[in-house]
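Undergrad: Pasting final_36.tsv below, which is TSV, C-alpha atoms.
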```
chain	number	residue	atom	x	y	z
A	1	MET	CA	28.95	-83.02	95.05
A	2	ASP	CA	29.06	-81.94	98.71
A	3	THR	CA	27.59	-84.79	100.80
A	4	GLN	CA	25.09	-82.67	102.71
A	5	ARG	CA	23.87	-80.86	99.61
A	6	LYS	CA	23.59	-84.16	97.77
A	7	LYS	CA	21.49	-85.69	100.55
A	8	GLY	CA	19.01	-82.85	100.21
A	9	VAL	CA	18.62	-82.91	96.44
A	10	LEU	CA	18.61	-86.71	96.24
A	11	GLU	CA	15.39	-86.83	98.25
A	12	ILE	CA	13.72	-84.43	95.82
A	13	CYS	CA	15.02	-86.40	92.83
A	14	VAL	CA	13.48	-89.58	94.22
A	15	LEU	CA	10.18	-87.79	94.79
A	16	ALA	CA	10.28	-86.39	91.25
A	17	ALA	CA	10.85	-89.92	89.88
A	18	LEU	CA	7.59	-90.91	91.58
A	19	GLN	CA	5.49	-87.99	90.39
A	20	ARG	CA	4.01	-89.60	87.27
A	21	GLU	CA	3.43	-93.05	88.71
A	22	PRO	CA	4.51	-95.29	91.58
A	23	SER	CA	7.85	-97.02	91.08
A	24	TYR	CA	10.15	-99.58	92.69
A	25	GLY	CA	13.71	-99.42	94.03
A	26	TYR	CA	15.66	-100.71	91.04
A	27	ARG	CA	13.77	-98.51	88.57
A	28	ILE	CA	14.11	-95.42	90.78
A	29	VAL	CA	17.90	-95.89	90.84
A	30	SER	CA	18.13	-96.27	87.07
A	31	ASP	CA	15.72	-93.34	86.47
A	32	ILE	CA	17.72	-90.82	88.49
A	33	SER	CA	21.20	-92.15	87.59
A	34	PRO	CA	21.58	-90.01	84.42
A	35	CYS	CA	21.13	-86.82	86.45
A	36	ILE	CA	22.74	-87.61	89.80
A	37	GLU	CA	25.07	-90.32	91.08
A	38	ALA	CA	23.12	-92.61	93.39
A	39	SER	CA	23.77	-96.22	94.29
A	40	GLU	CA	21.33	-98.75	95.68
A	41	SER	CA	22.97	-98.32	99.07
A	42	THR	CA	22.62	-94.52	99.12
A	43	LEU	CA	19.00	-94.88	98.08
A	44	TYR	CA	17.87	-97.15	100.90
A	45	PRO	CA	18.16	-94.61	103.77
A	46	ILE	CA	16.50	-91.98	101.56
A	47	LEU	CA	13.50	-94.16	100.79
A	48	ARG	CA	13.27	-95.04	104.48
A	49	ARG	CA	13.29	-91.38	105.51
A	50	LEU	CA	10.71	-90.42	102.90
A	51	GLU	CA	8.41	-93.20	104.11
A	52	ALA	CA	8.94	-92.31	107.78
A	53	SER	CA	8.15	-88.65	107.13
A	54	GLY	CA	5.00	-89.45	105.16
A	55	CYS	CA	6.28	-88.15	101.82
A	56	VAL	CA	5.80	-91.56	100.24
A	57	SER	CA	3.75	-94.64	101.03
A	58	THR	CA	4.51	-98.20	100.00
A	59	PHE	CA	2.59	-101.18	98.70
A	60	SER	CA	3.56	-104.62	97.41
A	61	GLN	CA	2.64	-106.08	94.06
A	62	GLU	CA	3.32	-109.48	92.62
A	63	HIS	CA	5.81	-109.63	89.78
A	64	ASN	CA	7.11	-112.85	88.21
A	65	GLY	CA	6.23	-114.93	91.25
A	66	ARG	CA	7.78	-112.60	93.84
A	67	LEU	CA	6.62	-109.56	95.77
A	68	ARG	CA	8.02	-106.24	94.69
A	69	LYS	CA	7.83	-103.18	96.97
A	70	TYR	CA	6.45	-100.07	95.25
A	71	TYR	CA	6.71	-96.48	96.43
A	72	ARG	CA	3.92	-93.98	95.81
A	73	ILE	CA	4.27	-90.22	96.31
A	74	GLU	CA	1.99	-88.61	98.89
A	75	PRO	CA	0.67	-85.00	99.03
A	76	LEU	CA	3.45	-84.10	101.50
A	77	GLY	CA	6.01	-85.36	99.00
A	78	GLU	CA	4.41	-83.41	96.15
A	79	GLU	CA	4.52	-80.29	98.30
A	80	LYS	CA	8.27	-80.79	98.87
A	81	VAL	CA	8.87	-80.95	95.12
A	82	ARG	CA	6.79	-77.79	94.58
A	83	GLN	CA	8.73	-76.00	97.29
A	84	PHE	CA	12.06	-77.05	95.78
A	85	LEU	CA	11.06	-75.79	92.34
A	86	SER	CA	9.84	-72.50	93.80
A	87	GLU	CA	13.36	-71.99	95.14
A	88	ALA	CA	14.85	-72.34	91.64
A	89	GLU	CA	14.80	-68.58	90.96
A	90	GLU	CA	16.54	-67.82	94.24
A	91	MET	CA	19.11	-70.60	93.59
A	92	ARG	CA	19.85	-69.13	90.16
A	93	ARG	CA	20.43	-65.68	91.67
A	94	ILE	CA	22.77	-67.22	94.25
A	95	TYR	CA	24.78	-69.10	91.61
A	96	GLN	CA	25.00	-65.97	89.50
A	97	TYR	CA	26.27	-63.95	92.44
A	98	ILE	CA	28.88	-66.53	93.39
A	99	GLU	CA	30.04	-66.88	89.78
A	100	GLU	CA	30.35	-63.13	89.31
A	101	GLU	CA	32.25	-62.67	92.56
A	102	SER	CA	34.63	-65.52	91.70
A	103	LEU	CA	35.89	-63.99	88.46
B	104	MET	CA	30.17	-113.64	96.03
B	105	ASN	CA	26.69	-114.96	95.36
B	106	GLN	CA	23.34	-113.62	96.52
B	107	GLU	CA	22.87	-115.88	99.55
B	108	GLU	CA	26.37	-115.29	100.87
B	109	PHE	CA	26.06	-111.52	100.49
B	110	LEU	CA	22.66	-111.41	102.18
B	111	GLN	CA	23.91	-113.59	105.02
B	112	ARG	CA	26.89	-111.30	105.60
B	113	LEU	CA	24.64	-108.28	105.46
B	114	ALA	CA	22.19	-109.78	107.97
B	115	ALA	CA	25.08	-110.50	110.35
B	116	ALA	CA	26.43	-106.96	110.03
B	117	LEU	CA	22.96	-105.58	110.81
B	118	ALA	CA	22.65	-107.52	114.09
B	119	PRO	CA	22.13	-104.37	116.23
B	120	LEU	CA	18.91	-103.57	114.40
B	121	SER	CA	15.46	-104.96	115.14
B	122	ASP	CA	14.33	-108.07	113.30
B	123	ALA	CA	11.78	-106.05	111.35
B	124	GLU	CA	14.27	-103.40	110.22
B	125	ARG	CA	16.85	-106.03	109.28
B	126	ALA	CA	14.26	-107.98	107.24
B	127	CYS	CA	13.32	-104.77	105.39
B	128	ILE	CA	16.92	-104.19	104.34
B	129	ILE	CA	17.50	-107.79	103.27
B	130	ASP	CA	14.28	-107.71	101.22
B	131	TYR	CA	15.40	-104.46	99.61
B	132	TYR	CA	18.72	-105.89	98.44
B	133	ARG	CA	17.21	-109.20	97.42
B	134	GLU	CA	14.74	-107.30	95.25
B	135	MET	CA	17.54	-105.16	93.78
B	136	ILE	CA	19.43	-108.28	92.79
B	137	CYS	CA	16.36	-109.93	91.24
B	138	ASP	CA	15.40	-106.82	89.28
B	139	GLY	CA	18.98	-106.28	88.18
B	140	VAL	CA	19.39	-109.84	86.96
B	141	GLU	CA	16.05	-109.57	85.16
B	142	SER	CA	17.38	-106.51	83.31
B	143	GLY	CA	20.33	-108.53	82.15
B	144	LYS	CA	22.97	-107.61	84.73
B	145	LEU	CA	25.30	-110.16	86.29
B	146	GLU	CA	24.59	-111.09	89.91
B	147	GLN	CA	28.28	-110.78	90.89
B	148	GLU	CA	28.53	-107.33	89.33
B	149	LEU	CA	25.39	-106.10	91.04
B	150	ILE	CA	26.58	-107.32	94.43
B	151	ALA	CA	30.03	-105.82	93.92
B	152	GLY	CA	28.33	-102.49	93.17
B	153	PHE	CA	26.51	-102.41	96.51
B	154	GLY	CA	29.71	-102.16	98.53
B	155	THR	CA	30.71	-104.54	101.30
B	156	ALA	CA	28.19	-105.73	103.89
B	157	GLN	CA	30.20	-103.81	106.51
B	158	GLU	CA	30.03	-100.55	104.55
B	159	ILE	CA	26.29	-100.86	103.98
B	160	ALA	CA	25.64	-101.71	107.62
B	161	ALA	CA	27.79	-98.82	108.84
B	162	GLN	CA	25.86	-96.34	106.70
B	163	ILE	CA	22.47	-97.66	107.80
B	164	LEU	CA	23.38	-97.78	111.49
B	165	GLU	CA	24.73	-94.22	111.27
B	166	GLU	CA	21.45	-93.08	109.66
B	167	SER	CA	19.27	-94.67	112.30
B	168	ARG	CA	21.45	-93.16	115.03
B	169	THR	CA	21.15	-89.61	113.78
B	170	ALA	CA	17.51	-89.99	112.80
B	171	SER	CA	16.05	-91.25	116.05
B	172	GLY	CA	18.65	-89.90	118.49
B	173	GLU	CA	18.77	-93.30	120.13
B	174	HIS	CA	21.82	-95.55	120.21
B	175	ALA	CA	21.08	-99.03	118.93
B	176	GLU	CA	23.79	-100.69	121.01
B	177	VAL	CA	23.17	-98.95	124.34
B	178	PRO	CA	19.97	-99.98	126.14
B	179	ALA	CA	19.76	-96.83	128.31
B	180	MET	CA	18.06	-93.69	127.05
B	181	PRO	CA	20.41	-90.70	126.67
B	182	PRO	CA	19.08	-87.77	128.71
B	183	ALA	CA	17.49	-84.91	126.79
B	184	GLN	CA	19.07	-81.47	126.40
B	185	SER	CA	16.33	-79.23	127.76
B	186	ALA	CA	17.94	-75.79	127.52
B	187	SER	CA	20.56	-75.08	124.91
B	188	ASP	CA	23.39	-75.91	127.26
B	189	ALA	CA	21.86	-78.29	129.80
B	190	TYR	CA	22.06	-82.04	129.92
B	191	ALA	CA	19.37	-83.11	132.36
B	192	ALA	CA	18.64	-86.45	133.93
B	193	GLN	CA	15.29	-87.90	133.00
B	194	GLY	CA	14.61	-90.32	135.82
B	195	PRO	CA	15.52	-90.69	139.49
B	196	VAL	CA	19.26	-90.56	140.08
B	197	HIS	CA	21.27	-92.06	142.92
B	198	SER	CA	24.75	-91.69	141.45
B	199	ILE	CA	26.20	-88.78	139.58
B	200	ILE	CA	29.45	-89.22	137.64
B	201	VAL	CA	31.04	-86.21	135.98
B	202	ASP	CA	34.32	-86.99	134.30
B	203	ALA	CA	35.95	-84.15	132.39
B	204	ARG	CA	39.29	-83.24	130.88
B	205	HIS	CA	41.11	-79.91	130.97
B	206	THR	CA	37.95	-78.05	131.87
B	207	SER	CA	37.03	-76.52	135.19
B	208	VAL	CA	34.01	-77.88	136.99
B	209	GLU	CA	31.75	-76.16	139.48
B	210	VAL	CA	29.24	-78.10	141.54
B	211	HIS	CA	26.30	-76.15	142.97
B	212	SER	CA	23.26	-77.02	144.93
B	213	VAL	CA	19.89	-76.14	143.38
B	214	GLN	CA	16.53	-75.85	145.10
B	215	ASP	CA	14.57	-77.91	142.64
B	216	GLY	CA	14.81	-79.41	139.22
B	217	PRO	CA	16.61	-82.48	138.01
B	218	VAL	CA	20.28	-83.35	138.19
B	219	GLN	CA	21.72	-81.27	135.35
B	220	VAL	CA	25.02	-80.51	133.77
B	221	HIS	CA	25.48	-77.18	131.99
B	222	PHE	CA	28.10	-77.09	129.31
B	223	ILE	CA	28.40	-75.58	125.85
B	224	PRO	CA	30.61	-77.84	123.77
B	225	THR	CA	32.72	-76.56	120.89
B	226	GLU	CA	33.77	-78.76	117.97
B	227	ARG	CA	36.76	-79.89	119.94
B	228	ASP	CA	34.74	-81.19	122.86
B	229	HIS	CA	33.32	-84.66	122.94
B	230	VAL	CA	30.52	-85.23	125.37
B	231	THR	CA	28.80	-88.49	126.17
B	232	VAL	CA	25.87	-88.48	128.53
B	233	SER	CA	24.04	-91.55	129.64
B	234	GLU	CA	21.56	-92.58	132.24
B	235	ASN	CA	21.45	-96.18	133.33
B	236	SER	CA	19.60	-97.61	136.34
B	237	GLY	CA	19.82	-94.40	138.32
B	238	THR	CA	23.41	-93.53	137.43
B	239	PHE	CA	23.74	-90.28	135.51
B	240	SER	CA	27.07	-90.07	133.72
B	241	PHE	CA	28.56	-87.06	131.98
B	242	HIS	CA	31.82	-87.81	130.22
B	243	HIS	CA	33.78	-85.07	128.56
B	244	THR	CA	37.01	-85.04	126.70
B	245	VAL	CA	38.64	-82.54	124.43
B	246	GLU	CA	40.69	-82.84	121.26
B	247	PHE	CA	44.00	-81.12	121.26
B	248	SER	CA	45.87	-79.44	118.54
B	249	PHE	CA	48.71	-77.02	118.86
B	250	PHE	CA	46.69	-74.15	117.42
B	251	HIS	CA	43.99	-74.32	120.01
B	252	TRP	CA	46.03	-74.16	123.20
B	253	ARG	CA	45.41	-70.41	123.33
B	254	ASP	CA	41.67	-70.89	123.16
B	255	LEU	CA	41.70	-73.05	126.24
B	256	PHE	CA	43.04	-70.20	128.30
B	257	TYR	CA	40.78	-67.49	126.95
B	258	MET	CA	37.47	-69.22	126.53
B	259	PRO	CA	35.06	-69.06	129.46
B	260	HIS	CA	34.77	-72.77	129.22
B	261	ARG	CA	33.45	-74.62	132.20
B	262	ILE	CA	31.13	-77.36	133.29
B	263	ILE	CA	28.49	-76.57	135.89
B	264	VAL	CA	26.79	-79.37	137.75
B	265	ASP	CA	23.41	-78.76	139.40
B	266	VAL	CA	22.75	-81.08	142.29
B	267	PRO	CA	19.26	-80.82	143.77
B	268	VAL	CA	19.05	-80.10	147.48
B	269	ASN	CA	17.36	-83.42	148.16
B	270	PHE	CA	19.95	-85.54	146.37
B	271	ALA	CA	21.33	-88.06	148.81
B	272	GLY	CA	23.42	-90.35	146.70
B	273	GLU	CA	26.94	-90.55	145.39
B	274	LEU	CA	28.72	-87.79	143.56
B	275	HIS	CA	31.96	-88.38	141.67
B	276	VAL	CA	33.52	-85.43	139.90
B	277	SER	CA	36.86	-85.55	138.19
B	278	THR	CA	38.76	-83.36	135.81
B	279	CYS	CA	42.42	-82.61	135.12
B	280	ASN	CA	44.56	-79.53	134.64
B	281	ALA	CA	41.61	-77.38	135.68
B	282	GLY	CA	40.01	-76.07	138.85
B	283	LEU	CA	37.26	-77.84	140.71
B	284	ILE	CA	34.88	-76.05	143.05
B	285	ALA	CA	32.11	-77.69	145.03
B	286	ALA	CA	29.94	-75.83	147.48
B	287	ASP	CA	26.81	-76.06	149.59
B	288	LEU	CA	26.08	-79.73	149.18
B	289	SER	CA	24.48	-81.70	151.94
B	290	GLY	CA	23.02	-85.12	152.36
B	291	LEU	CA	25.40	-86.87	149.99
B	292	SER	CA	26.40	-90.36	151.01
B	293	THR	CA	29.71	-90.25	149.17
B	294	ALA	CA	31.47	-87.41	147.43
B	295	GLN	CA	34.68	-87.72	145.49
B	296	PHE	CA	36.48	-84.81	143.86
B	297	VAL	CA	39.62	-85.31	141.80
B	298	THR	CA	41.70	-82.97	139.74
B	299	SER	CA	45.38	-82.36	139.04
B	300	ASN	CA	47.66	-79.38	138.52
B	301	ALA	CA	44.95	-77.06	139.74
B	302	HIS	CA	43.05	-75.81	142.76
B	303	LEU	CA	40.35	-77.79	144.44
B	304	THR	CA	37.96	-75.94	146.72
B	305	VAL	CA	35.30	-77.73	148.70
B	306	SER	CA	33.14	-75.70	151.06
B	307	ASN	CA	29.99	-76.11	153.07
B	308	ILE	CA	29.64	-79.79	152.49
B	309	ILE	CA	27.90	-82.29	154.67
B	310	CYS	CA	28.32	-85.84	153.50
B	311	GLY	CA	29.11	-89.34	154.59
B	312	ASN	CA	32.46	-90.01	152.99
B	313	LEU	CA	34.38	-87.27	151.32
B	314	SER	CA	37.49	-87.69	149.29
B	315	ALA	CA	39.27	-84.81	147.60
B	316	ARG	CA	42.48	-85.04	145.66
B	317	THR	CA	44.58	-82.73	143.59
B	318	SER	CA	48.26	-82.35	142.80
B	319	ASN	CA	50.44	-79.28	142.29
B	320	GLY	CA	47.65	-77.04	143.45
B	321	PRO	CA	45.95	-75.70	146.56
B	322	LEU	CA	43.36	-77.84	148.23
B	323	ASN	CA	40.88	-75.83	150.30
B	324	LEU	CA	38.41	-77.47	152.56
B	325	GLN	CA	36.08	-75.20	154.48
B	326	ASN	CA	33.20	-76.10	156.69
B	327	VAL	CA	33.17	-79.74	155.75
B	328	HIS	CA	31.26	-82.16	157.94
B	329	GLY	CA	30.97	-85.87	157.57
B	330	ARG	CA	31.91	-89.30	158.71
B	331	SER	CA	35.21	-89.64	156.95
B	332	CYS	CA	37.35	-87.40	154.89
B	333	THR	CA	40.38	-88.12	152.76
B	334	ALA	CA	42.26	-85.28	151.22
```
What is this file in structure tokens?

TA:
Amino acid sequence: MDTQRKKGVLEICVLAALQREPSYGYRIVSDISPCIEASESTLYPILRRLEASGCVSTFSQEHNGRLRKYYRIEPLGEEKVRQFLSEAEEMRRIYQYIEEESL
Amino acid sequence: MNQEEFLQRLAAALAPLSDAERACIIDYYREMICDGVESGKLEQELIAGFGTAQEIAAQILEESRTASGEHAEVPAMPPAQSASDAYAAQGPVHSIIVDARHTSVEVHSVQDGPVQVHFIPTERDHVTVSENSGTFSFHHTVEFSFFHWRDLFYMPHRIIVDVPVNFAGELHVSTCNAGLIAADLSGLSTAQFVTSNAHLTVSNIICGNLSARTSNGPLNLQNVHGRSCTA
């Protein structure tokens, strides 16, 4: 996928993975892997950016004698997901147009 | 490679970052390795999947550069672009350095405002501006390809330098294969104008030491006053 486009959708995918409940790095990577290619290294800057922009907040919880960092979605993050989904209809029209013109 | 070796290499590659940022990244990867191993993956495989420490560091440093607009390695703050084409100095300036390539430069005097350089770069231009202890530097260079030679001749492409009337420091302007015009400057301690294969016109200048140099082109000096002049 185009790098710029991927960067944009990857953020939303991460936010979506956090919608039901808070999650941690490793699980976020494995949750979104079936739908979009993302490595641990691509994920780090995205999580950082989401935290810096207030879309997610973090907290630490003990797990098997070590501290694990959890990410929780914030209202701003939920709004971003809503906005993305509201663009779905427009995106579909755009894809349809491009497909039809390419035949 | 094992966990400790990988994390050590990563920490070394992340030296330009702050201690706090570096610790965050190390914790992140350490956690990834622990969680991965817990799920049954092999430590070596996990680490191999991250990429090399250099690759990871490069990506993270690039991100922090574009995100904050600040260069991690350079201590000085890059001046802000106030208007769409202006690179303005933020603090007091005593030395102005404008170094360009293949682009004409005009130096004007302005009544007020900061030291500023006006230039609209295209994708082929590379501009670096920095401000360090009172020295404002504007470096410009341009990428060449055979197809774009035409564009150089037809584009109204030039660099304009605004020097405030009360500026009394050093001014160094250089370019090549393009004209250089400087006018109505006074109070400069040192002024140096260099170009090649083009005209150089200096008029109405009062300064301490003036040096003007070009080759294969007319050199015009009009109404220039000062202590010493080399042309």

Undergrad: Excluding same-chain residues fewer than 3 positions from Thr58 (chain A), what lies within 10 Å of it counting all atoms listed in the file, as a PDB file with C-alpha atoms, in the coordinates of the input?

TA:
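Contents of around32.pdb, freshly written:
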```
ATOM      1  CA  PRO A  22       4.510 -95.290  91.580  1.00  0.00           C
ATOM      2  CA  SER A  23       7.850 -97.020  91.080  1.00  0.00           C
ATOM      3  CA  TYR A  24      10.150 -99.580  92.690  1.00  0.00           C
ATOM      4  CA  LEU A  47      13.500 -94.160 100.790  1.00  0.00           C
ATOM      5  CA  GLU A  51       8.410 -93.200 104.110  1.00  0.00           C
ATOM      6  CA  LYS A  69       7.830-103.180  96.970  1.00  0.00           C
ATOM      7  CA  TYR A  70       6.450-100.070  95.250  1.00  0.00           C
ATOM      8  CA  TYR A  71       6.710 -96.480  96.430  1.00  0.00           C
ATOM      9  CA  ARG A  72       3.920 -93.980  95.810  1.00  0.00           C
ATOM     10  CA  ILE A  73       4.270 -90.220  96.310  1.00  0.00           C
ATOM     11  CA  GLU A  74       1.990 -88.610  98.890  1.00  0.00           C
TER      12      GLU A  74
END
```

Undergrad: Find the residues of chain A that sit at most 9 Å from chain B; for each, write down the nearest two atoms and how far apart they are in Å, to one decimal. Count only C-alpha atoms. Sort by chain, then by number going up, and give it as a tab-separated table.

TA:
```
residue	atom	partner	partner_atom	distance
A:Gly25	CA	B:Met135	CA	6.9
A:Tyr26	CA	B:Met135	CA	5.6
A:Arg27	CA	B:Asp138	CA	8.5
A:Ser39	CA	B:Phe153	CA	7.1
A:Glu40	CA	B:Phe153	CA	6.4
A:Ser41	CA	B:Phe153	CA	6.0
A:Thr42	CA	B:Gln162	CA	8.4
A:Tyr44	CA	B:Tyr131	CA	7.8
A:Pro45	CA	B:Ile163	CA	6.6
A:Arg49	CA	B:Ala170	CA	8.5
A:Arg66	CA	B:Glu134	CA	8.9
A:Leu67	CA	B:Glu134	CA	8.4
A:Arg68	CA	B:Glu134	CA	6.8
A:Lys69	CA	B:Tyr131	CA	8.1
```

Undergrad: Quick one: of A:Met1, A:Leu15, A:Leu76, A:Leu103, who's nearest to Ser53 (chain A), counting only C-alpha atoms?

TA: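 Once distances to Ser53 (chain A) are computed over only C-alpha atoms, the minimum belongs to A:Leu76.
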
Undergrad: What does the structure give for the distance between CA of Ala281 (chain B) and CA of Gly216 (chain B), in Å to one decimal?

TA: 27.1 Å

Undergrad: Please, what distance in Å, to one decimal, runs between CA of Glu273 (chain B) and CA of Gly237 (chain B)?

TA: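 Computing the Euclidean distance for CA of Glu273 (chain B) and CA of Gly237 (chain B) yields 10.7 Å.
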
Undergrad: Can you tell me which residues surround Val208 (chain B) at a distance of at most 9 Å, considering all atoms listed in the file, apart from same-chain residues fewer than 6 positions away, and format the answer as an NGL selection string?

TA: :B and (201 or 261-264 or 276-278 or 281-285)

Undergrad: Name the residues within 6 Å of (32.8, -90.0, 150.0), counting all atoms listed in the file in the file's coordinates, and put them as an MDAnalysis selection string.

TA: chainID B and resid 293:295 311:314

Undergrad: Which residue, A:Leu50, A:Cys13, A:Met91, A:Cys55, has the smallest gap to Pro34 (chain A) when you use only C-alpha atoms?

TA: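 Closest candidate: A:Cys13.
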
Undergrad: Which neighbours of region 229-232 of chain B fall inside 6 Å, counting only C-alpha atoms, when residues of the same chain fewer than 4 positions from it are skipped, and could you give them as a list in words?

TA: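 Final neighbour list, sorted by chain and number: Ser240, Phe241, His242, His243, Thr244 and Val245 of chain B.
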
Undergrad: Those selected residues, please, written with C-alpha atoms and delivered as a short mmCIF file (atom, residue, chain, number, x, y, z; two decimals), in the coordinates of the input.

TA:
```
data_model
loop_
_atom_site.label_atom_id
_atom_site.label_comp_id
_atom_site.auth_asym_id
_atom_site.auth_seq_id
_atom_site.Cartn_x
_atom_site.Cartn_y
_atom_site.Cartn_z
CA SER B 240 27.07 -90.07 133.72
CA PHE B 241 28.56 -87.06 131.98
CA HIS B 242 31.82 -87.81 130.22
CA HIS B 243 33.78 -85.07 128.56
CA THR B 244 37.01 -85.04 126.70
CA VAL B 245 38.64 -82.54 124.43
#
```

Undergrad: Leu322 (chain B): which residues within 6 Å, counting only C-alpha atoms, same-chain residues fewer than 6 positions away excluded, as a list of chain:residue names?

TA: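 Residues near the query, excluding close chain neighbours: B:His302, B:Leu303, B:Thr304.
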
Undergrad: Output C-alpha atoms of each residue in that selection to a file, as a short mmCIF file (atom, residue, chain, number, x, y, z; two decimals), in the frame of the given file.

TA:
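As a result, out.cif now contains:
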```
data_model
loop_
_atom_site.label_atom_id
_atom_site.label_comp_id
_atom_site.auth_asym_id
_atom_site.auth_seq_id
_atom_site.Cartn_x
_atom_site.Cartn_y
_atom_site.Cartn_z
CA HIS B 302 43.05 -75.81 142.76
CA LEU B 303 40.35 -77.79 144.44
CA THR B 304 37.96 -75.94 146.72
#
```

Undergrad: What does the distance from CA of Ser299 (chain B) to CA of Gly320 (chain B) come to in Å, to one decimal?

TA: 7.3 Å

Undergrad: Counting only C-alpha atoms, what is within 12 Å of Glu79 (chain A), bar same-chain residues fewer than 6 positions away, as a PyMOL selection string?

TA: chain A and resi 12+15-16+19+54-56+73+85-86

Undergrad: Can you report as JSON the centre and edge lengths in Å, to one decimal, of an axis-aligned box around the listed atoms of region 53-59 of chain A padded with 4 Å on each side?

TA:
```
{"center_x": 5.4, "center_y": -94.7, "center_z": 102.9, "size_x": 13.6, "size_y": 21.0, "size_z": 16.4}
```

Undergrad: Where atoms are absent from region 277-296 of chain B, fill them in so it carries N, CA and C atoms, then output it as a CSV table (one decimal), in the frame of the given file.

TA:
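selection-v9.csv was written with the following content:
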```csv
chain,number,residue,atom,x,y,z
B,277,SER,N,35.4,-85.6,138.4
B,277,SER,CA,36.9,-85.6,138.2
B,277,SER,C,37.2,-84.7,136.9
B,278,THR,N,38.3,-84.1,137.0
B,278,THR,CA,38.8,-83.4,135.8
B,278,THR,C,40.3,-83.4,135.9
B,279,CYS,N,41.0,-82.7,135.0
B,279,CYS,CA,42.4,-82.6,135.1
B,279,CYS,C,42.9,-81.3,134.6
B,280,ASN,N,44.0,-80.8,135.1
B,280,ASN,CA,44.6,-79.5,134.6
B,280,ASN,C,43.6,-78.4,134.7
B,281,ALA,N,42.6,-78.5,135.6
B,281,ALA,CA,41.6,-77.4,135.7
B,281,ALA,C,41.0,-77.4,137.1
B,282,GLY,N,40.5,-76.2,137.5
B,282,GLY,CA,40.0,-76.1,138.8
B,282,GLY,C,38.7,-76.8,139.1
B,283,LEU,N,38.5,-77.2,140.3
B,283,LEU,CA,37.3,-77.8,140.7
B,283,LEU,C,36.7,-77.2,142.0
B,284,ILE,N,35.5,-76.7,141.9
B,284,ILE,CA,34.9,-76.0,143.0
B,284,ILE,C,33.6,-76.8,143.4
B,285,ALA,N,33.4,-77.1,144.6
B,285,ALA,CA,32.1,-77.7,145.0
B,285,ALA,C,31.6,-77.0,146.3
B,286,ALA,N,30.4,-76.6,146.3
B,286,ALA,CA,29.9,-75.8,147.5
B,286,ALA,C,28.5,-76.2,147.8
B,287,ASP,N,28.2,-76.0,149.1
B,287,ASP,CA,26.8,-76.1,149.6
B,287,ASP,C,26.1,-77.3,149.2
B,288,LEU,N,26.8,-78.5,149.4
B,288,LEU,CA,26.1,-79.7,149.2
B,288,LEU,C,25.9,-80.4,150.5
B,289,SER,N,24.7,-81.0,150.7
B,289,SER,CA,24.5,-81.7,151.9
B,289,SER,C,23.7,-82.9,151.7
B,290,GLY,N,23.8,-83.9,152.5
B,290,GLY,CA,23.0,-85.1,152.4
B,290,GLY,C,23.6,-86.1,151.4
B,291,LEU,N,24.8,-85.9,150.9
B,291,LEU,CA,25.4,-86.9,150.0
B,291,LEU,C,25.9,-88.0,150.8
B,292,SER,N,25.8,-89.2,150.3
B,292,SER,CA,26.4,-90.4,151.0
B,292,SER,C,27.9,-90.4,150.8
B,293,THR,N,28.3,-90.2,149.5
B,293,THR,CA,29.7,-90.2,149.2
B,293,THR,C,30.0,-89.1,148.2
B,294,ALA,N,31.1,-88.4,148.4
B,294,ALA,CA,31.5,-87.4,147.4
B,294,ALA,C,32.9,-87.6,147.1
B,295,GLN,N,33.3,-87.5,145.9
B,295,GLN,CA,34.7,-87.7,145.5
B,295,GLN,C,35.0,-86.6,144.5
B,296,PHE,N,36.1,-85.9,144.8
B,296,PHE,CA,36.5,-84.8,143.9
B,296,PHE,C,37.9,-85.0,143.5
```
